[in-house]
$ cat protein.cif   # mmCIF, C-alpha atoms
data_upload
#
loop_
_atom_site.label_atom_id
_atom_site.label_comp_id
_atom_site.auth_asym_id
_atom_site.auth_seq_id
_atom_site.Cartn_x
_atom_site.Cartn_y
_atom_site.Cartn_z
CA MET G 1120 -120.37 150.71 127.88
CA THR G 1121 -120.76 151.78 124.27
CA GLY G 1122 -118.40 151.95 121.41
CA PHE G 1123 -117.28 148.35 121.25
CA THR G 1124 -117.85 146.71 117.93
CA GLY G 1125 -117.44 143.25 116.55
CA LEU G 1126 -114.27 141.52 117.64
CA THR G 1127 -113.42 143.92 120.48
CA GLY G 1128 -116.88 143.42 121.91
CA PHE G 1129 -116.44 139.67 121.84
CA LYS G 1130 -113.02 139.85 123.49
CA LYS G 1131 -114.52 142.05 126.18
CA LEU G 1132 -117.23 139.46 126.79
CA LYS G 1133 -114.67 136.70 127.10
CA GLU G 1134 -112.78 138.80 129.62
CA ILE G 1135 -115.87 139.42 131.68
CA ILE G 1136 -116.85 135.76 131.68
CA ARG G 1137 -113.32 134.70 132.56
CA LYS G 1138 -113.32 137.09 135.51
CA GLU G 1139 -116.60 135.70 136.74
CA VAL G 1140 -115.87 132.06 136.02
CA LYS G 1141 -112.46 130.88 137.10
CA MET G 1142 -112.43 127.36 135.83
CA ALA G 1143 -109.23 125.44 135.54
CA ILE G 1144 -109.95 122.99 132.77
CA GLU G 1145 -107.57 120.16 132.17
CA GLY G 1146 -107.87 116.80 130.52
CA ALA G 1147 -108.65 114.79 133.64
CA GLU G 1148 -111.24 117.32 134.76
CA ILE G 1149 -113.14 117.19 131.49
CA VAL G 1150 -113.21 113.41 131.68
CA LYS G 1151 -114.62 113.50 135.20
CA ALA G 1152 -117.19 116.12 134.25
CA ALA G 1153 -118.29 114.11 131.24
CA GLY G 1154 -118.54 111.07 133.48
CA TYR G 1155 -120.94 112.87 135.83
CA ILE G 1156 -123.14 114.10 133.02
CA GLY G 1157 -123.09 110.62 131.55
CA ALA G 1158 -124.10 109.06 134.85
CA GLY G 1159 -127.00 111.48 135.14
CA LEU G 1160 -128.19 110.82 131.60
CA ALA G 1161 -127.73 107.06 131.93
CA MET G 1162 -129.88 106.72 135.02
CA GLY G 1163 -132.31 109.42 134.00
CA LEU G 1164 -133.12 108.18 130.53
CA GLY G 1165 -132.81 104.59 131.65
CA ALA G 1166 -135.58 105.06 134.19
CA ILE G 1167 -138.16 105.95 131.55
CA GLY G 1168 -138.59 102.57 129.91
CA PRO G 1169 -139.05 100.30 132.94
CA GLY G 1170 -141.39 102.87 134.46
CA VAL G 1171 -143.73 102.82 131.48
CA GLY G 1172 -143.39 99.12 130.84
CA GLU G 1173 -144.03 98.00 134.40
CA GLY G 1174 -146.98 100.35 134.56
CA MET G 1175 -148.51 98.71 131.51
CA VAL G 1176 -148.08 95.32 133.17
CA ALA G 1177 -149.76 96.54 136.35
CA ALA G 1178 -152.65 98.01 134.38
CA LYS G 1179 -153.31 94.77 132.56
CA ALA G 1180 -152.98 92.82 135.81
CA CYS G 1181 -155.69 95.03 137.32
CA GLU G 1182 -157.87 94.30 134.31
CA ALA G 1183 -157.20 90.59 134.58
CA ILE G 1184 -158.11 90.51 138.28
CA GLY G 1185 -161.18 92.58 137.52
CA ARG G 1186 -162.26 89.91 135.04
CA ASN G 1187 -161.29 86.91 137.18
CA PRO G 1188 -160.85 87.75 140.87
CA GLN G 1189 -160.44 84.16 142.03
CA GLU G 1190 -157.09 83.87 140.31
CA ALA G 1191 -155.70 86.91 142.13
CA GLY G 1192 -152.69 85.03 143.57
CA LEU G 1193 -151.57 83.58 140.25
CA LEU G 1194 -152.11 86.87 138.48
CA THR G 1195 -150.11 88.82 141.04
CA ARG G 1196 -147.24 86.39 140.75
CA THR G 1197 -147.25 86.59 136.97
CA MET G 1198 -147.29 90.37 137.14
CA LEU G 1199 -144.29 90.47 139.49
CA VAL G 1200 -142.24 88.12 137.33
CA GLY G 1201 -143.04 90.14 134.23
CA GLN G 1202 -142.14 93.38 135.97
CA ALA G 1203 -138.86 91.91 137.20
CA VAL G 1204 -137.81 91.12 133.65
CA SER G 1205 -138.78 94.60 132.56
CA GLU G 1206 -136.71 96.00 135.42
CA SER G 1207 -133.52 94.46 134.12
CA THR G 1208 -132.61 97.28 131.77
CA GLY G 1209 -133.20 99.73 134.61
CA ILE G 1210 -130.70 97.78 136.70
CA TYR G 1211 -128.17 97.89 133.86
CA SER G 1212 -128.56 101.69 133.77
CA LEU G 1213 -128.05 101.90 137.53
CA VAL G 1214 -124.89 99.79 137.30
CA ILE G 1215 -123.46 101.95 134.52
CA ALA G 1216 -124.33 105.12 136.42
CA LEU G 1217 -122.60 103.87 139.58
CA LEU G 1218 -119.58 102.77 137.54
CA LEU G 1219 -119.34 106.21 135.96
CA LEU G 1220 -119.61 107.88 139.34
CA PHE G 1221 -117.19 105.84 141.39
CA VAL G 1222 -115.01 103.58 139.32
CA VAL G 1223 -114.15 105.24 136.04
CA MET N 694 -122.28 145.60 119.80
CA GLY N 695 -121.36 145.99 123.42
CA PHE N 696 -121.58 142.88 125.55
CA GLU N 697 -122.23 143.37 129.23
CA VAL N 698 -123.43 141.21 132.03
CA GLU N 699 -126.89 142.76 131.72
CA THR N 700 -126.99 141.58 128.12
CA ALA N 701 -126.23 138.01 129.15
CA VAL N 702 -128.99 138.18 131.75
CA LYS N 703 -131.45 139.50 129.17
CA ILE N 704 -130.42 136.76 126.73
CA ALA N 705 -131.11 134.11 129.34
CA ALA N 706 -134.42 135.74 130.34
CA TYR N 707 -135.71 135.88 126.78
CA THR N 708 -134.55 132.35 126.01
CA GLY N 709 -136.16 131.09 129.18
CA GLY N 710 -139.38 132.94 128.42
CA GLY N 711 -139.45 131.47 124.94
CA ILE N 712 -138.86 127.95 126.21
CA ALA N 713 -141.49 128.38 128.93
CA MET N 714 -144.25 129.50 126.59
CA GLY N 715 -143.23 127.35 123.65
CA LEU N 716 -143.18 124.09 125.53
CA GLY N 717 -145.99 125.14 127.82
CA ALA N 718 -148.38 125.52 124.92
CA VAL N 719 -147.85 121.95 123.74
CA GLY N 720 -149.58 119.99 126.48
CA ALA N 721 -152.71 122.06 126.96
CA ALA N 722 -153.37 122.14 123.23
CA ILE N 723 -153.15 118.37 122.90
CA GLY N 724 -155.30 117.78 125.97
CA GLU N 725 -158.00 120.22 124.91
CA GLY N 726 -157.99 118.69 121.46
CA TYR N 727 -158.63 115.25 122.92
CA THR N 728 -161.50 116.66 125.00
CA ALA N 729 -163.06 118.28 121.96
CA ALA N 730 -162.69 115.09 119.93
CA ARG N 731 -164.52 113.02 122.54
CA ALA N 732 -167.14 115.74 122.91
CA ASN N 733 -167.78 115.58 119.17
CA LEU N 734 -168.25 111.81 119.37
CA ALA N 735 -170.57 112.32 122.31
CA VAL N 736 -172.74 114.87 120.50
CA SER N 737 -172.98 112.63 117.44
CA ARG N 738 -174.07 109.81 119.70
CA ASN N 739 -176.72 111.80 121.55
CA PRO N 740 -177.59 115.12 119.92
CA GLU N 741 -180.40 116.09 122.31
CA ILE N 742 -178.00 116.49 125.22
CA SER N 743 -175.59 118.57 123.16
CA GLY N 744 -176.08 121.62 125.40
CA ASP N 745 -174.86 119.77 128.50
CA ILE N 746 -172.03 118.14 126.62
CA PHE N 747 -170.87 121.45 125.17
CA LYS N 748 -170.89 123.11 128.59
CA ASN N 749 -168.93 120.22 130.09
CA MET N 750 -166.41 120.35 127.27
CA LEU N 751 -165.74 124.05 127.87
CA VAL N 752 -165.29 123.53 131.62
CA GLY N 753 -162.91 120.62 131.06
CA GLN N 754 -160.90 122.58 128.50
CA ALA N 755 -160.65 125.51 130.90
CA VAL N 756 -158.95 123.30 133.50
CA ALA N 757 -156.54 121.94 130.91
CA GLU N 758 -155.79 125.52 129.84
CA SER N 759 -154.63 126.50 133.30
CA ALA N 760 -151.24 124.80 132.86
CA SER N 761 -150.45 126.96 129.85
CA ILE N 762 -151.74 130.08 131.64
CA PHE N 763 -149.09 129.40 134.30
CA ALA N 764 -146.52 129.18 131.50
CA LEU N 765 -147.77 132.46 130.01
CA VAL N 766 -147.42 134.18 133.38
CA ILE N 767 -143.85 132.96 133.79
CA ALA N 768 -142.97 133.96 130.23
CA ILE N 769 -144.33 137.51 130.70
CA LEU N 770 -142.47 137.85 133.98
CA LEU N 771 -139.24 136.79 132.33
CA LEU N 772 -139.74 139.14 129.38
CA PHE N 773 -140.71 142.31 131.18
CA MET N 774 -139.52 142.18 134.74
CA ASN N 775 -136.86 144.57 135.93
CA THR N 776 -134.02 142.27 136.84
CA GLY N 777 -132.30 144.41 139.47
CA THR N 778 -128.58 143.84 139.90
CA ALA N 779 -127.35 141.72 137.03
CA SER N 780 -125.09 138.74 137.46
CA ILE N 781 -124.37 135.66 135.40
CA LEU N 782 -125.91 133.66 138.25
CA LYS N 783 -129.23 135.40 137.62
CA ALA N 784 -128.94 134.42 133.96
CA ALA N 785 -128.63 130.77 134.97
CA ALA N 786 -131.60 131.11 137.31
CA PHE N 787 -133.79 132.60 134.57
CA LEU N 788 -132.88 129.79 132.19
CA GLY N 789 -133.70 127.25 134.87
CA ALA N 790 -137.04 128.96 135.54
CA GLY N 791 -137.97 128.78 131.86
CA LEU N 792 -137.02 125.09 131.64
CA SER N 793 -138.95 124.23 134.78
CA MET N 794 -142.24 125.83 133.73
CA GLY N 795 -141.94 124.89 130.07
CA PHE N 796 -141.47 121.18 130.59
CA GLY N 797 -143.72 121.09 133.63
CA ALA N 798 -146.80 122.27 131.78
CA ILE N 799 -146.63 119.53 129.13
CA GLY N 800 -147.77 116.55 131.15
CA SER N 801 -150.48 118.32 133.11
CA GLY N 802 -151.94 119.81 129.95
CA ILE N 803 -152.19 116.48 128.14
CA GLY N 804 -153.36 114.68 131.26
CA SER N 805 -156.19 117.09 132.03
CA GLY N 806 -157.62 116.44 128.60
CA TYR N 807 -158.53 112.83 129.42
CA PRO N 808 -161.10 113.40 132.19
CA GLY N 809 -162.72 116.16 130.15
CA GLY N 810 -163.12 113.93 127.12
CA GLU N 811 -164.34 110.91 129.03
CA ALA N 812 -166.82 113.00 131.03
CA CYS N 813 -168.30 114.40 127.80
CA TYR N 814 -168.63 110.93 126.34
CA GLY N 815 -170.09 109.64 129.59
CA ILE N 816 -172.78 112.33 129.57
CA SER N 817 -173.89 111.10 126.16
CA GLN N 818 -174.16 107.57 127.54
CA GLN N 819 -175.86 108.41 130.85
CA PRO N 820 -177.31 111.92 130.87
CA ALA N 821 -178.83 111.43 134.32
CA VAL N 822 -175.45 111.42 136.09
CA SER N 823 -174.01 114.40 134.26
CA SER N 824 -173.45 116.46 137.43
CA GLN N 825 -171.59 113.57 139.08
CA LEU N 826 -169.46 113.22 135.97
CA THR N 827 -168.61 116.91 135.99
CA THR N 828 -167.62 116.64 139.66
CA ASN N 829 -165.37 113.64 139.02
CA MET N 830 -163.85 115.39 136.05
CA LEU N 831 -163.02 118.47 138.11
CA ILE N 832 -161.54 116.47 141.00
CA GLY N 833 -159.43 114.36 138.67
CA SER N 834 -158.09 117.24 136.59
CA ALA N 835 -157.36 119.30 139.67
CA VAL N 836 -155.04 116.60 141.04
CA CYS N 837 -153.59 116.32 137.55
CA GLN N 838 -152.61 120.02 137.57
CA THR N 839 -150.48 119.72 140.71
CA PRO N 840 -147.19 118.97 138.90
CA ALA N 841 -147.67 122.13 136.83
CA ILE N 842 -148.22 124.05 140.07
CA PHE N 843 -145.02 122.61 141.56
CA SER N 844 -143.18 123.68 138.40
CA MET N 845 -144.57 127.19 138.67
CA VAL N 846 -143.47 127.40 142.32
CA VAL N 847 -139.92 126.39 141.40
CA SER N 848 -139.94 128.89 138.50
CA LEU N 849 -141.10 131.74 140.70
CA MET N 850 -138.47 130.90 143.31
CA LEU N 851 -135.73 130.89 140.71
CA ILE N 852 -136.90 134.23 139.30
CA PHE N 853 -137.47 136.13 142.53
CA MET N 854 -135.22 134.76 145.22
CA ASN N 855 -132.12 136.69 146.08
CA PHE N 856 -129.29 134.22 146.12
CA GLY N 857 -126.89 136.63 147.76
CA ASN N 858 -123.25 136.10 146.99
CA ALA N 859 -123.28 132.44 146.17
CA PRO N 860 -120.23 131.57 144.06
CA LEU N 861 -120.86 131.47 140.32
CA THR N 862 -119.47 128.00 139.87
CA PRO N 863 -120.93 125.57 140.59
CA THR N 864 -124.17 127.31 141.54
CA TRP N 865 -125.10 128.14 137.92
CA ALA N 866 -125.36 124.43 137.21
CA ALA N 867 -127.42 123.94 140.38
CA PHE N 868 -130.04 126.40 139.12
CA VAL N 869 -130.24 124.97 135.60
CA GLY N 870 -130.33 121.48 137.12
CA ALA N 871 -133.11 122.50 139.51
CA GLY N 872 -135.19 123.69 136.58
CA LEU N 873 -134.60 120.50 134.59
CA SER N 874 -135.28 118.24 137.58
CA MET N 875 -138.68 119.76 138.34
CA GLY N 876 -139.76 120.37 134.77
CA LEU N 877 -138.99 116.98 133.30
CA ALA N 878 -140.25 114.98 136.28
CA ALA N 879 -143.60 116.75 136.08
CA ILE N 880 -144.25 115.40 132.58
CA GLY N 881 -144.83 111.82 133.62
CA SER N 882 -146.86 112.56 136.74
CA GLY N 883 -149.15 114.99 134.94
CA TYR N 884 -149.86 112.53 132.15
CA GLY N 885 -150.26 109.55 134.47
CA GLY N 886 -152.65 111.37 136.79
CA GLY N 887 -154.74 112.28 133.77
CA LEU N 888 -155.03 108.65 132.64
CA ALA N 889 -156.46 107.69 136.03
CA ALA N 890 -158.91 110.59 136.05
CA GLY N 891 -160.13 109.72 132.56
CA ALA N 892 -160.77 106.14 133.57
CA SER N 893 -162.73 107.32 136.61
CA CYS N 894 -165.08 109.39 134.46
CA GLU N 895 -165.57 106.45 132.11
CA GLY N 896 -166.22 104.14 135.07
CA VAL N 897 -168.78 106.43 136.67
CA ALA N 898 -170.61 106.75 133.35
CA ARG N 899 -170.70 103.00 133.02
CA THR N 900 -171.68 102.13 136.61
CA PRO N 901 -172.98 105.19 138.43
CA GLN N 902 -173.56 103.41 141.73
CA SER N 903 -169.87 102.61 142.08
CA VAL N 904 -168.90 106.26 142.21
CA ALA N 905 -167.56 106.18 145.80
CA ASN N 906 -165.21 103.24 145.18
CA VAL N 907 -164.10 104.60 141.84
CA THR N 908 -163.29 108.02 143.27
CA THR N 909 -161.38 106.50 146.20
CA ILE N 910 -159.18 104.30 144.06
CA MET N 911 -158.67 107.15 141.58
CA LEU N 912 -157.40 109.44 144.33
CA VAL N 913 -155.10 106.77 145.81
CA GLY N 914 -153.75 105.87 142.38
CA GLN N 915 -153.22 109.51 141.43
CA ALA N 916 -151.46 110.20 144.73
CA VAL N 917 -148.91 107.47 144.00
CA ALA N 918 -148.59 108.72 140.42
CA GLN N 919 -147.70 112.19 141.72
CA THR N 920 -144.74 110.93 143.74
CA PRO N 921 -142.15 111.15 140.91
CA ALA N 922 -143.02 114.84 140.57
CA ILE N 923 -142.48 115.17 144.33
CA PHE N 924 -139.06 113.53 144.02
CA GLY N 925 -138.28 116.03 141.27
CA LEU N 926 -139.42 118.87 143.50
CA LEU N 927 -137.27 117.56 146.36
CA VAL N 928 -134.11 117.37 144.24
CA SER N 929 -134.96 120.80 142.85
CA PHE N 930 -135.19 122.33 146.31
CA ILE N 931 -131.94 120.67 147.40
CA LEU N 932 -130.16 122.09 144.34
CA MET N 933 -131.58 125.57 144.92
CA PHE N 934 -131.01 125.87 148.63
CA LYS N 935 -127.87 123.91 149.39
CA SER N 936 -124.89 126.20 149.55
CA PHE N 937 -122.10 124.92 147.38
CA PRO N 938 -118.48 125.87 148.06
CA GLU N 939 -116.73 127.70 145.29
CA SER N 940 -114.97 125.31 143.02
CA SER N 941 -112.86 125.90 139.96
CA ALA N 942 -113.12 122.35 138.68
CA LEU N 943 -115.33 121.52 135.73
CA ALA N 944 -116.54 118.32 137.35
CA THR N 945 -118.57 119.91 140.13
CA PRO N 946 -121.03 121.95 138.05
CA MET N 947 -121.39 119.05 135.63
CA ALA N 948 -122.24 116.75 138.54
CA LEU N 949 -125.04 119.11 139.61
CA LEU N 950 -126.32 119.38 136.03
CA GLY N 951 -126.20 115.60 135.80
CA ALA N 952 -128.21 115.33 139.01
CA GLY N 953 -130.92 117.55 137.55
CA LEU N 954 -131.03 115.58 134.29
CA CYS N 955 -131.08 112.28 136.16
CA MET N 956 -134.02 113.05 138.44
CA GLY N 957 -135.83 114.94 135.70
CA PHE N 958 -135.79 112.21 133.08
CA GLY N 959 -136.11 109.56 135.76
CA GLY N 960 -139.48 110.87 136.84
CA ILE N 961 -141.08 110.58 133.40
CA GLY N 962 -141.39 106.82 133.02
CA PRO N 963 -142.57 105.90 136.52
CA GLY N 964 -145.09 108.75 136.45
CA ILE N 965 -146.63 107.43 133.23
CA GLY N 966 -146.43 103.83 134.42
CA ASN N 967 -148.05 104.53 137.78
CA GLY N 968 -150.79 106.39 135.95
CA MET N 969 -151.39 103.44 133.62
CA ALA N 970 -151.65 101.08 136.58
CA ALA N 971 -154.12 103.42 138.30
CA GLU N 972 -156.10 103.68 135.07
CA GLY N 973 -156.42 99.91 134.82
CA ALA N 974 -157.47 99.59 138.44
CA VAL N 975 -160.05 102.41 138.26
CA ARG N 976 -161.52 101.09 135.02
CA TRP N 977 -162.02 97.63 136.45
CA VAL N 978 -163.29 98.72 139.86
CA ALA N 979 -166.22 100.25 137.98
CA ARG N 980 -166.87 96.91 136.35
CA ASN N 981 -166.30 94.73 139.40
CA VAL N 982 -167.07 96.68 142.54
CA GLU N 983 -167.08 93.71 144.94
CA HIS N 984 -163.39 93.11 144.40
CA ALA N 985 -162.32 96.72 144.87
CA ASN N 986 -159.95 95.73 147.67
CA ASP N 987 -158.16 93.14 145.54
CA LEU N 988 -157.81 95.67 142.77
CA MET N 989 -156.48 98.34 145.14
CA ARG N 990 -153.91 95.87 146.45
CA ILE N 991 -152.61 94.84 143.08
CA MET N 992 -152.58 98.43 141.89
CA LEU N 993 -150.40 99.44 144.83
CA VAL N 994 -148.04 96.48 144.40
CA GLY N 995 -147.71 97.15 140.69
CA GLN N 996 -147.15 100.86 141.26
CA ALA N 997 -144.52 100.15 143.89
CA VAL N 998 -142.48 98.07 141.45
CA SER N 999 -142.96 100.62 138.71
CA GLN N 1000 -141.74 103.33 141.07
CA SER N 1001 -138.41 101.58 141.59
CA THR N 1002 -136.53 103.22 138.74
CA ALA N 1003 -137.61 106.64 140.01
CA ILE N 1004 -136.00 105.72 143.31
CA TYR N 1005 -132.80 104.60 141.57
CA ALA N 1006 -132.76 107.94 139.73
CA MET N 1007 -133.23 109.84 142.97
CA VAL N 1008 -130.42 107.89 144.64
CA VAL N 1009 -128.04 108.60 141.75
CA SER N 1010 -129.09 112.29 141.86
CA LEU N 1011 -128.42 112.57 145.56
CA VAL N 1012 -125.07 110.81 145.13
CA LEU N 1013 -124.15 113.33 142.43
CA ILE N 1014 -125.10 116.23 144.69
CA PHE N 1015 -123.70 115.11 148.02
CA VAL N 1016 -121.06 112.47 147.53
CA VAL N 1017 -119.00 113.29 144.47
#
$ encode --input "protein.cif" --output "structure tokens"
Amino acid sequence: MTGFTGLTGFKKLKEIIRKEVKMAIEGAEIVKAAGYIGAGLAMGLGAIGPGVGEGMVAAKACEAIGRNPQEAGLLTRTMLVGQAVSESTGIYSLVIALLLLFVV
Amino acid sequence: MGFEVETAVKIAAYTGGGIAMGLGAVGAAIGEGYTAARANLAVSRNPEISGDIFKNMLVGQAVAESASIFALVIAILLLFMNTGTASILKAAAFLGAGLSMGFGAIGSGIGSGYPGGEACYGISQQPAVSSQLTTNMLIGSAVCQTPAIFSMVVSLMLIFMNFGNAPLTPTWAAFVGAGLSMGLAAIGSGYGGGLAAGASCEGVARTPQSVANVTTIMLVGQAVAQTPAIFGLLVSFILMFKSFPESSALATPMALLGAGLCMGFGGIGPGIGNGMAAEGAVRWVARNVEHANDLMRIMLVGQAVSQSTAIYAMVVSLVLIFVV
């Protein structure tokens, strides 16, 4: 297919894509689509922080038990409480993601 | 300028190839740099052993290089392969392949640098155990490369599989999402596995008689650290192989793209965190071998909690694929 220049070429491309992609786009649809992308980003990005943070806590807890094994019970408990607090933002992200998926 | 479908496919192939090699070069370079830096410190500390240290550095850097070799292979395939019958769906698959391999090579490259560096430094501290250190380095970096291998598998599937007459929407989003899911999730697991392997080399150098315990806890810790990459692989396979009914709504492809983004990003943090926990446990098992069981227990508990957000991300991904 030669001989198309500039604007005609672009119009031809639009025609081809429209033939391949029949998407009926209306206002409500775009909102729903944006909601799904938002849910994905919310949970995805929101999982990064608690993952790294809780891992740091676990690493230091291992070091602490390595230094002082008799206090293993107390150290484990402290680690779990610390990790639970760090988890809270992850829970917020999960709540927002579920809201975006099912409620909004 | 004539625009045809073949042009769109070529555009996607070249973009994907560029992304694959561009991102894929990042991780290996950083990792090999870290190895060389530690090797320099090691030689300055103990110049008589410099021959051994230099050899070890080159071996360690070669393993870290392998992730970017995978990326180079994928990029060359995308640039020069004859694409057969062109369709916009193939364009989406090529883009997904580039994303998968590009992102996937980052973590493994950086991670494989740690065991190399620590092994070189350990040889300067304890030249007698240099062969054991090299062994530990190779075992650790090999496990660390597995996310990059998963990414390459997903890339090759996206490039070569014939998807028949799947409908264009929403399958294009499924392919791009599959690439994102595998590629991004591999970052965290690659890096985390490397942290654990580095600590094992340091531990063996410090306390050579603890090598069995150290290697055991390193392998267990690395195995848990690889699980976010496995979640990413799972979501990737579901997106590639599930047949989606044709849909003209905008919401359906965006849901699949969102699923890929969710599992992809969601694998980064827990992968790094699990790796940090394993690193702490391995480092301290070397210093306190009698309490290896306690340390293994707390490492597993800590890793389980750290894993939780990866599980939330997988749940949200699966909801986006199957429920909405």
$ closest_residue --input "protein.cif" --among "N:Ser801, N:Thr728, N:Asn906, N:Thr900" --to "Gln818 of chain N" --atoms "all atoms listed in the file"
N:Thr900
$ closest_residue --input "protein.cif" --among "G:Gly1192, G:Lys1131, G:Ala1153, G:Val1171" --to "chain N" --atoms "all atoms listed in the file"
G:Val1171
$ closest_residue --input "protein.cif" --among "G:Gly1201, G:Gly1154, G:Gly1209, G:Gly1128" --to "Ala1180 of chain G" --atoms "all atoms listed in the file"
G:Gly1201
$ interface_residues --input "protein.cif" --of "chain G" --to "chain N" --cutoff "6 Å" --atoms "only C-alpha atoms" --output "NGL selection string"
:G and (1121 or 1123-1124 or 1128 or 1132 or 1141-1143 or 1148 or 1151-1152 or 1155-1156 or 1159-1160 or 1162-1164 or 1166-1168 or 1170-1171 or 1173-1175 or 1177-1178 or 1181-1182 or 1185)
$ residues_around --input "protein.cif" --residues "Met750 of chain N" --least-positions-apart "2" --cutoff "7 Å" --atoms "all atoms listed in the file" --output "ChimeraX atom specification"
/N:728-729,732,746-748,752-754,809,813
$ residues_around --input "protein.cif" --residues "Ala812 of chain N" --least-positions-apart "3" --cutoff "12 Å" --atoms "all atoms listed in the file" --output "ChimeraX atom specification"
/N:727-729,731-732,734-735,745-754,805-809,815-820,822-834,890-899
$ atom_distance --input "protein.cif" --atom1 "atom CA of Thr778 of chain N" --atom2 "atom CA of Ile852 of chain N"
12.7 Å
$ residues_around --input "protein.cif" --residues "segment 1202-1204 of chain G" --least-positions-apart "3" --cutoff "7 Å" --atoms "all atoms listed in the file" --output "list in words"
Glu1173, Val1176, Met1198, Leu1199 and Ser1207 of chain G
